[in-house]
Each structure stands twice: as structure tokens, then as C-alpha cells.
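Okay, structure first, notes after.
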Amino acid sequence: MLYELSVEIMPKPGIADPEGATILRALHALGFDVTKRVAVGKVIKLQVEADTGEEALQAAESMAAKLLANPVIEVARVSLVQEHVASTD
Amino acid sequence: MPINVAVITFPGTNCEYDTVKALERIGYSAELVWHDAVELNAYDALILPGGFSYGDYLRPGAIARFSPVMQAVEEFARSGGPVLGICNGFQLLAEAHLLPGALQKNVSLRFICRDVEVRVDTVRSSLTSLASKGQILSLPINHFEGNYTCDDATLKILEEDERVLLRYIDNPNGSVHSIAGICNEEGNIAGMMPHPERASDELLGSTDGILLFRSLCEGKFSR
């Protein structure tokens, strides 16, 4: 079965996020004073062939640990978006 | 036989010829070694040059780290051979866990290309063994992700064990403790963000990089 997963990669707490800080300043300059914090990361979408959602999640966790995120500066969060997706190849 | 240095090249590397030229200028022999090489024992030193291996996709060095040659680089390094990562090469050594920490985006969010001054803070490394502690070198930097970071425990170890080789006089990128270059515990693996190969001829404005290449190939850790 083909599962769609999402890997959200964010700067680790305590690691400077200059992009987030710059966007926060721009939002304040535009009058959005309600904004208290901005963090910028990236999302990697995966289609994974697996027997169960749990198995797909485990595979994606392992990919995140080995390649997708650098644990020195980033935190990865893997989530299952959808199962039985039609391949977009 | 002249000293023979391997300059490891990945798709997207772009400082390999400058590095070979710089090494040849001081009388060494240098060879470009493609990223699929599996045997590096014949060389006296390895250099991972600057550039944008694999387009810097995902993170600088993240993909190159899994190239076949990296296994051979690790074996060479574990046997005590001198290894230097310059700029993208430094990022790659960090991704490969051969050096601690990581290089993140410059705090200014700008690509910086200019000469900077760095101070030699320790001479117990392959890169600095022929330099003098406190010596100031003028070297160019050319990077977007040169902001060195690591956790507090690692930083404490780097400082206590004198593993910070080069420190910026005027921190250009936000690096913690103004770190421009570090080494591993043994001192044979070194990484630096500035480009010594671009400071290897009077015409380039500085020859300070030559001292670092000489240290790497003829200093305390030479083979």
C-alpha cells in the first residue's frame, strides 16, 4: 500500500532562526503586532510503500534520523497524511 | 617523491582546481579524486574543497556524506592521516560526524564573500602545526552557511581541549565563540570556513593560506 507522509523539519530550540526573526520584524513593520514568534522550517512529503501505516511511519522516522534532518540543529516530526494514495509518478 | 594530495571532488564542487593550483604552487603534487573512489591510502593528505556538492540540496554536505569516497576518507582519517575540509568540505565533515557541530545560515541571512582576519588559537592540529599561536591570518570567506554552532557541552569540550584552530577577529557570520575552524580530538581532521587556496599567491592579495597547506602536509600530523 502506498502511504503519504509529511516530515516537518524545524530549527531545534535554542538554535538561532534568523529567517524567522527577519519575518517577525517584517510582520511587525506591517502592523501585525499580534505576532509574538515566527519559526521557519521545511516540509518534506514522502510516498512510502508499506503494509501498514505504522510501518510507513517507522520507515520515515528512520529516514529523518539518517538523512532528512540534522539533529545538531534541527528537529524532525513525521506524520501520516493519507493512506492508499494514487502514485503521482 | 613529492607530497601527493588528494582533492576530493563531488558533483557541484567548484574550488577543486584552485586548491590543486595552490598545492602545486608550493611544489606538491595534487590529484582530483572523484567521489566514487574507494582507496585513498596512497595519498599524504586529503582535502575536501569548497563548492556546492549536490547543489547543497537538503543541507550543505548532507548528500555528499553518503558518497562511496567518504568511507575511504573516514578510514584514512581514523588511521591518523591529515584531512582538511574547506568551506563545503567543513560542512561535509560535520554532516559525516567526523567533526562535531554544524554550519547554519549566516546570522545576516546574506551570502558573504570578502577577506577576513582570523587568529590561530592552537597549533596542535594538522592545519596549524607550523603556525604560531596568536598569529593573525588574512583569508577570504565565501559562504551562506558558515555560522558554526554546537551544543553547550560540545563547545565546552572544544574550548577546554583547545580544538578551536581559527577564530574570526570580527565575527562575520554569527558563529558561536567566533569559531572559523576546529579539529577532532586527535587533531588530524580539521575543518575551516575560510578559503586558504584563495590566499596562496601575491596576486590574490594574501599568501597566508600556504602556511596552512604546509602544516597539513609537512607538519606534525604529516605521513
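Labels used: A, B, ... for chains in the order of the C-alpha cells, numbers from 1 for residues in each chain, and numbers from 1 for ligands as shown.
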As a VMD selection string, please: the residues near segment 11-18 of chain A (cut-off 7 Å, only C-alpha atoms, same-chain neighbours under 3 positions excluded). (chain A and resid 21 to 22 39 41 73 to 75) or (chain B and resid 107 109)
Residues within 7 Å of Leu127 of chain B, only C-alpha atoms, excluding chain neighbours under 2 positions, as a PDB file with C-alpha atoms, in the first residue's frame:
```
ATOM      1  CA  SER B 125      46.319  20.331  14.780  1.00  0.00           C
ATOM      2  CA  SER B 129      51.102  22.858  13.472  1.00  0.00           C
ATOM      3  CA  ALA B 190      40.429  19.869  10.505  1.00  0.00           C
ATOM      4  CA  LEU B 212      48.126  26.080   6.462  1.00  0.00           C
ATOM      5  CA  SER B 215      51.196  22.457   8.110  1.00  0.00           C
ATOM      6  CA  LEU B 216      48.752  19.913   6.720  1.00  0.00           C
TER       7      LEU B 216
END
```
So which residues touch segment 15-28 of chain B within 12 Å, counting only C-alpha atoms, skipping near sequence neighbours fewer than 6 positions away, as a VMD selection string? chain B and resid 1 to 9 34 43 to 53 84 to 89 142 195 to 202 204 207 to 214 216 to 218
Prev. selection, C-alpha atoms, output as a PDB file, in the first residue's frame:
```pdb
ATOM      1  CA  MET B   1      58.621  11.672  -4.401  1.00  0.00           C
ATOM      2  CA  PRO B   2      56.761  14.934  -3.942  1.00  0.00           C
ATOM      3  CA  ILE B   3      53.970  15.152  -1.420  1.00  0.00           C
ATOM      4  CA  ASN B   4      50.812  13.923  -3.090  1.00  0.00           C
ATOM      5  CA  VAL B   5      47.448  15.311  -2.016  1.00  0.00           C
ATOM      6  CA  ALA B   6      44.002  14.013  -2.995  1.00  0.00           C
ATOM      7  CA  VAL B   7      41.466  16.762  -3.681  1.00  0.00           C
ATOM      8  CA  ILE B   8      38.108  15.008  -3.389  1.00  0.00           C
ATOM      9  CA  THR B   9      35.565  16.156  -5.932  1.00  0.00           C
ATOM     10  CA  TRP B  34      36.146  11.620  -7.908  1.00  0.00           C
ATOM     11  CA  TYR B  43      47.988   9.925  -0.561  1.00  0.00           C
ATOM     12  CA  ASP B  44      49.805  12.016   2.013  1.00  0.00           C
ATOM     13  CA  ALA B  45      46.823  14.209   2.800  1.00  0.00           C
ATOM     14  CA  LEU B  46      43.175  14.639   1.795  1.00  0.00           C
ATOM     15  CA  ILE B  47      41.386  17.884   1.066  1.00  0.00           C
ATOM     16  CA  LEU B  48      37.620  18.232   0.737  1.00  0.00           C
ATOM     17  CA  PRO B  49      37.368  21.510  -1.183  1.00  0.00           C
ATOM     18  CA  GLY B  50      34.704  24.189  -1.292  1.00  0.00           C
ATOM     19  CA  GLY B  51      31.696  24.429  -3.550  1.00  0.00           C
ATOM     20  CA  PHE B  52      28.122  23.235  -3.558  1.00  0.00           C
ATOM     21  CA  SER B  53      28.232  19.438  -3.534  1.00  0.00           C
ATOM     22  CA  LEU B  84      41.179  19.155   5.734  1.00  0.00           C
ATOM     23  CA  GLY B  85      37.660  20.287   4.857  1.00  0.00           C
ATOM     24  CA  ILE B  86      37.405  23.772   3.397  1.00  0.00           C
ATOM     25  CA  CYS B  87      34.012  25.544   3.437  1.00  0.00           C
ATOM     26  CA  ASN B  88      31.653  22.957   1.847  1.00  0.00           C
ATOM     27  CA  GLY B  89      34.264  20.387   2.878  1.00  0.00           C
ATOM     28  CA  ASN B 142      32.714  32.824   0.648  1.00  0.00           C
ATOM     29  CA  HIS B 195      39.484  29.525   1.814  1.00  0.00           C
ATOM     30  CA  PRO B 196      43.275  29.080   2.144  1.00  0.00           C
ATOM     31  CA  GLU B 197      43.573  28.245  -1.577  1.00  0.00           C
ATOM     32  CA  ARG B 198      42.380  31.763  -2.362  1.00  0.00           C
ATOM     33  CA  ALA B 199      45.192  33.167  -0.249  1.00  0.00           C
ATOM     34  CA  SER B 200      48.082  31.347  -1.901  1.00  0.00           C
ATOM     35  CA  ASP B 201      49.600  33.938  -4.244  1.00  0.00           C
ATOM     36  CA  GLU B 202      50.608  37.601  -4.028  1.00  0.00           C
ATOM     37  CA  LEU B 204      45.361  37.093  -4.781  1.00  0.00           C
ATOM     38  CA  THR B 207      49.701  34.161   0.835  1.00  0.00           C
ATOM     39  CA  ASP B 208      48.652  33.233   4.367  1.00  0.00           C
ATOM     40  CA  GLY B 209      46.915  30.083   3.155  1.00  0.00           C
ATOM     41  CA  ILE B 210      50.229  28.492   2.184  1.00  0.00           C
ATOM     42  CA  LEU B 211      51.260  28.132   5.816  1.00  0.00           C
ATOM     43  CA  LEU B 212      48.126  26.080   6.462  1.00  0.00           C
ATOM     44  CA  PHE B 213      48.717  23.754   3.493  1.00  0.00           C
ATOM     45  CA  ARG B 214      52.347  23.315   4.599  1.00  0.00           C
ATOM     46  CA  LEU B 216      48.752  19.913   6.720  1.00  0.00           C
ATOM     47  CA  CYS B 217      51.312  18.169   4.525  1.00  0.00           C
ATOM     48  CA  GLU B 218      54.635  18.688   6.308  1.00  0.00           C
TER      49      GLU B 218
END
```
Tell me, counting only C-alpha atoms, for each residue of chain B within 12 Å of chain A, which pair of atoms is nearest and how far apart they are in Å to one decimal, in rows ordered by chain and increasing number, as a Markdown table.
```
| residue | atom | partner | partner_atom | distance |
| --- | --- | --- | --- | --- |
| B:Tyr57 | CA | A:Leu68 | CA | 10.5 |
| B:Leu58 | CA | A:Leu68 | CA | 7.1 |
| B:Arg59 | CA | A:Asn70 | CA | 8.4 |
| B:Pro60 | CA | A:Asn70 | CA | 10.7 |
| B:Gly61 | CA | A:Leu67 | CA | 10.7 |
| B:Ala62 | CA | A:Leu67 | CA | 6.9 |
| B:Ile63 | CA | A:Leu67 | CA | 7.8 |
| B:Ala64 | CA | A:Leu67 | CA | 10.9 |
| B:Arg65 | CA | A:Leu67 | CA | 9.5 |
| B:Phe66 | CA | A:Leu67 | CA | 9.2 |
| B:Gln91 | CA | A:Asn70 | CA | 11.6 |
| B:Leu92 | CA | A:Asn70 | CA | 11.9 |
| B:Ala94 | CA | A:Val72 | CA | 9.7 |
| B:Glu95 | CA | A:Asn70 | CA | 7.6 |
| B:Ala96 | CA | A:Asn70 | CA | 10.4 |
| B:His97 | CA | A:Val72 | CA | 10.3 |
| B:Leu99 | CA | A:Val72 | CA | 11.8 |
| B:Pro100 | CA | A:Val72 | CA | 8.8 |
| B:Gly101 | CA | A:Val72 | CA | 6.3 |
| B:Ala102 | CA | A:Val72 | CA | 6.5 |
| B:Leu103 | CA | A:Ile73 | CA | 8.7 |
| B:Gln104 | CA | A:Ile73 | CA | 7.8 |
| B:Lys105 | CA | A:Pro18 | CA | 7.8 |
| B:Asn106 | CA | A:Pro18 | CA | 8.0 |
| B:Val107 | CA | A:Pro18 | CA | 5.6 |
| B:Ser108 | CA | A:Pro18 | CA | 7.2 |
| B:Leu109 | CA | A:Pro18 | CA | 6.7 |
| B:Arg110 | CA | A:Pro18 | CA | 10.5 |
| B:Glu145 | CA | A:Pro18 | CA | 11.8 |
| B:Asn147 | CA | A:Ala16 | CA | 9.8 |
| B:Tyr148 | CA | A:Ile73 | CA | 10.4 |
| B:Thr149 | CA | A:Ile73 | CA | 7.9 |
| B:Cys150 | CA | A:Val72 | CA | 6.7 |
| B:Asp151 | CA | A:Val72 | CA | 7.4 |
| B:Asp152 | CA | A:Gly14 | CA | 10.5 |
| B:Thr154 | CA | A:Val72 | CA | 10.6 |
| B:Asn173 | CA | A:Pro18 | CA | 11.1 |
| B:Gly174 | CA | A:Ala16 | CA | 9.3 |
| B:Ser175 | CA | A:Ala16 | CA | 10.4 |
| B:Val176 | CA | A:Ala16 | CA | 10.5 |
```
Identify, with DSSP run on backbone atoms, the residues in chain A assigned to strand (DSSP E), and express the list as a PyMOL selection string. chain A and resi 2-11+42-49+74-83
Would you export the selected residues with N, CA and C atoms as a tab-separated table (two decimals), in the first residue's frame, please?
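Listed below is the output, result-v6.tsv:
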```tsv
chain	number	residue	atom	x	y	z
A	2	LEU	N	0.38	2.28	-0.62
A	2	LEU	CA	1.19	3.50	-0.70
A	2	LEU	C	0.65	4.53	0.30
A	3	TYR	N	1.51	5.02	1.13
A	3	TYR	CA	1.13	5.99	2.15
A	3	TYR	C	1.80	7.33	1.86
A	4	GLU	N	1.10	8.39	2.18
A	4	GLU	CA	1.73	9.71	2.07
A	4	GLU	C	2.08	10.20	3.46
A	5	LEU	N	3.32	10.63	3.61
A	5	LEU	CA	3.78	11.13	4.91
A	5	LEU	C	4.39	12.50	4.75
A	6	SER	N	4.40	13.18	5.86
A	6	SER	CA	4.96	14.53	5.88
A	6	SER	C	6.04	14.58	6.96
A	7	VAL	N	7.20	15.11	6.61
A	7	VAL	CA	8.27	15.28	7.59
A	7	VAL	C	8.48	16.78	7.77
A	8	GLU	N	8.13	17.25	8.96
A	8	GLU	CA	8.30	18.68	9.25
A	8	GLU	C	9.63	18.86	9.96
A	9	ILE	N	10.48	19.72	9.40
A	9	ILE	CA	11.82	19.93	9.97
A	9	ILE	C	11.93	21.37	10.45
A	10	MET	N	12.16	21.53	11.75
A	10	MET	CA	12.23	22.87	12.34
A	10	MET	C	13.56	23.06	13.05
A	11	PRO	N	13.99	24.32	13.19
A	11	PRO	CA	15.23	24.56	13.95
A	11	PRO	C	15.03	24.08	15.40
A	42	LYS	N	11.09	23.45	7.14
A	42	LYS	CA	10.69	22.96	5.83
A	42	LYS	C	9.87	21.68	5.97
A	43	VAL	N	9.12	21.37	4.92
A	43	VAL	CA	8.29	20.17	4.92
A	43	VAL	C	8.73	19.29	3.76
A	44	ILE	N	8.98	18.03	4.05
A	44	ILE	CA	9.32	17.07	3.01
A	44	ILE	C	8.19	16.06	2.93
A	45	LYS	N	7.59	15.94	1.75
A	45	LYS	CA	6.48	14.98	1.56
A	45	LYS	C	7.03	13.70	0.98
A	46	LEU	N	6.60	12.60	1.54
A	46	LEU	CA	7.09	11.29	1.09
A	46	LEU	C	5.91	10.41	0.69
A	47	GLN	N	6.11	9.60	-0.32
A	47	GLN	CA	5.19	8.49	-0.59
A	47	GLN	C	5.95	7.22	-0.31
A	48	VAL	N	5.43	6.41	0.58
A	48	VAL	CA	6.16	5.23	1.06
A	48	VAL	C	5.30	3.99	0.87
A	49	GLU	N	5.92	2.97	0.29
A	49	GLU	CA	5.24	1.69	0.12
A	49	GLU	C	5.42	0.88	1.41
A	74	GLU	N	18.43	20.61	14.05
A	74	GLU	CA	17.03	20.50	13.62
A	74	GLU	C	16.26	19.43	14.41
A	75	VAL	N	14.95	19.59	14.42
A	75	VAL	CA	14.06	18.58	15.00
A	75	VAL	C	13.09	18.17	13.90
A	76	ALA	N	12.92	16.86	13.73
A	76	ALA	CA	12.00	16.37	12.69
A	76	ALA	C	10.76	15.78	13.34
A	77	ARG	N	9.60	16.05	12.72
A	77	ARG	CA	8.36	15.44	13.19
A	77	ARG	C	7.68	14.78	12.00
A	78	VAL	N	7.49	13.48	12.10
A	78	VAL	CA	6.94	12.72	10.99
A	78	VAL	C	5.46	12.49	11.24
A	79	SER	N	4.62	12.69	10.23
A	79	SER	CA	3.21	12.36	10.41
A	79	SER	C	2.65	11.72	9.14
A	80	LEU	N	1.64	10.88	9.39
A	80	LEU	CA	0.97	10.19	8.30
A	80	LEU	C	-0.12	11.11	7.77
A	81	VAL	N	-0.09	11.40	6.47
A	81	VAL	CA	-1.07	12.33	5.90
A	81	VAL	C	-2.25	11.55	5.34
A	82	GLN	N	-1.96	10.47	4.65
A	82	GLN	CA	-3.02	9.77	3.92
A	82	GLN	C	-2.54	8.36	3.56
A	83	GLU	N	-3.46	7.41	3.54
A	83	GLU	CA	-3.08	6.10	3.01
A	83	GLU	C	-3.81	5.82	1.71
```
Using the chain letters and numbers from this document, which residues of chain A does DSSP assign to alpha helix (DSSP H), as a count of residues only? 23
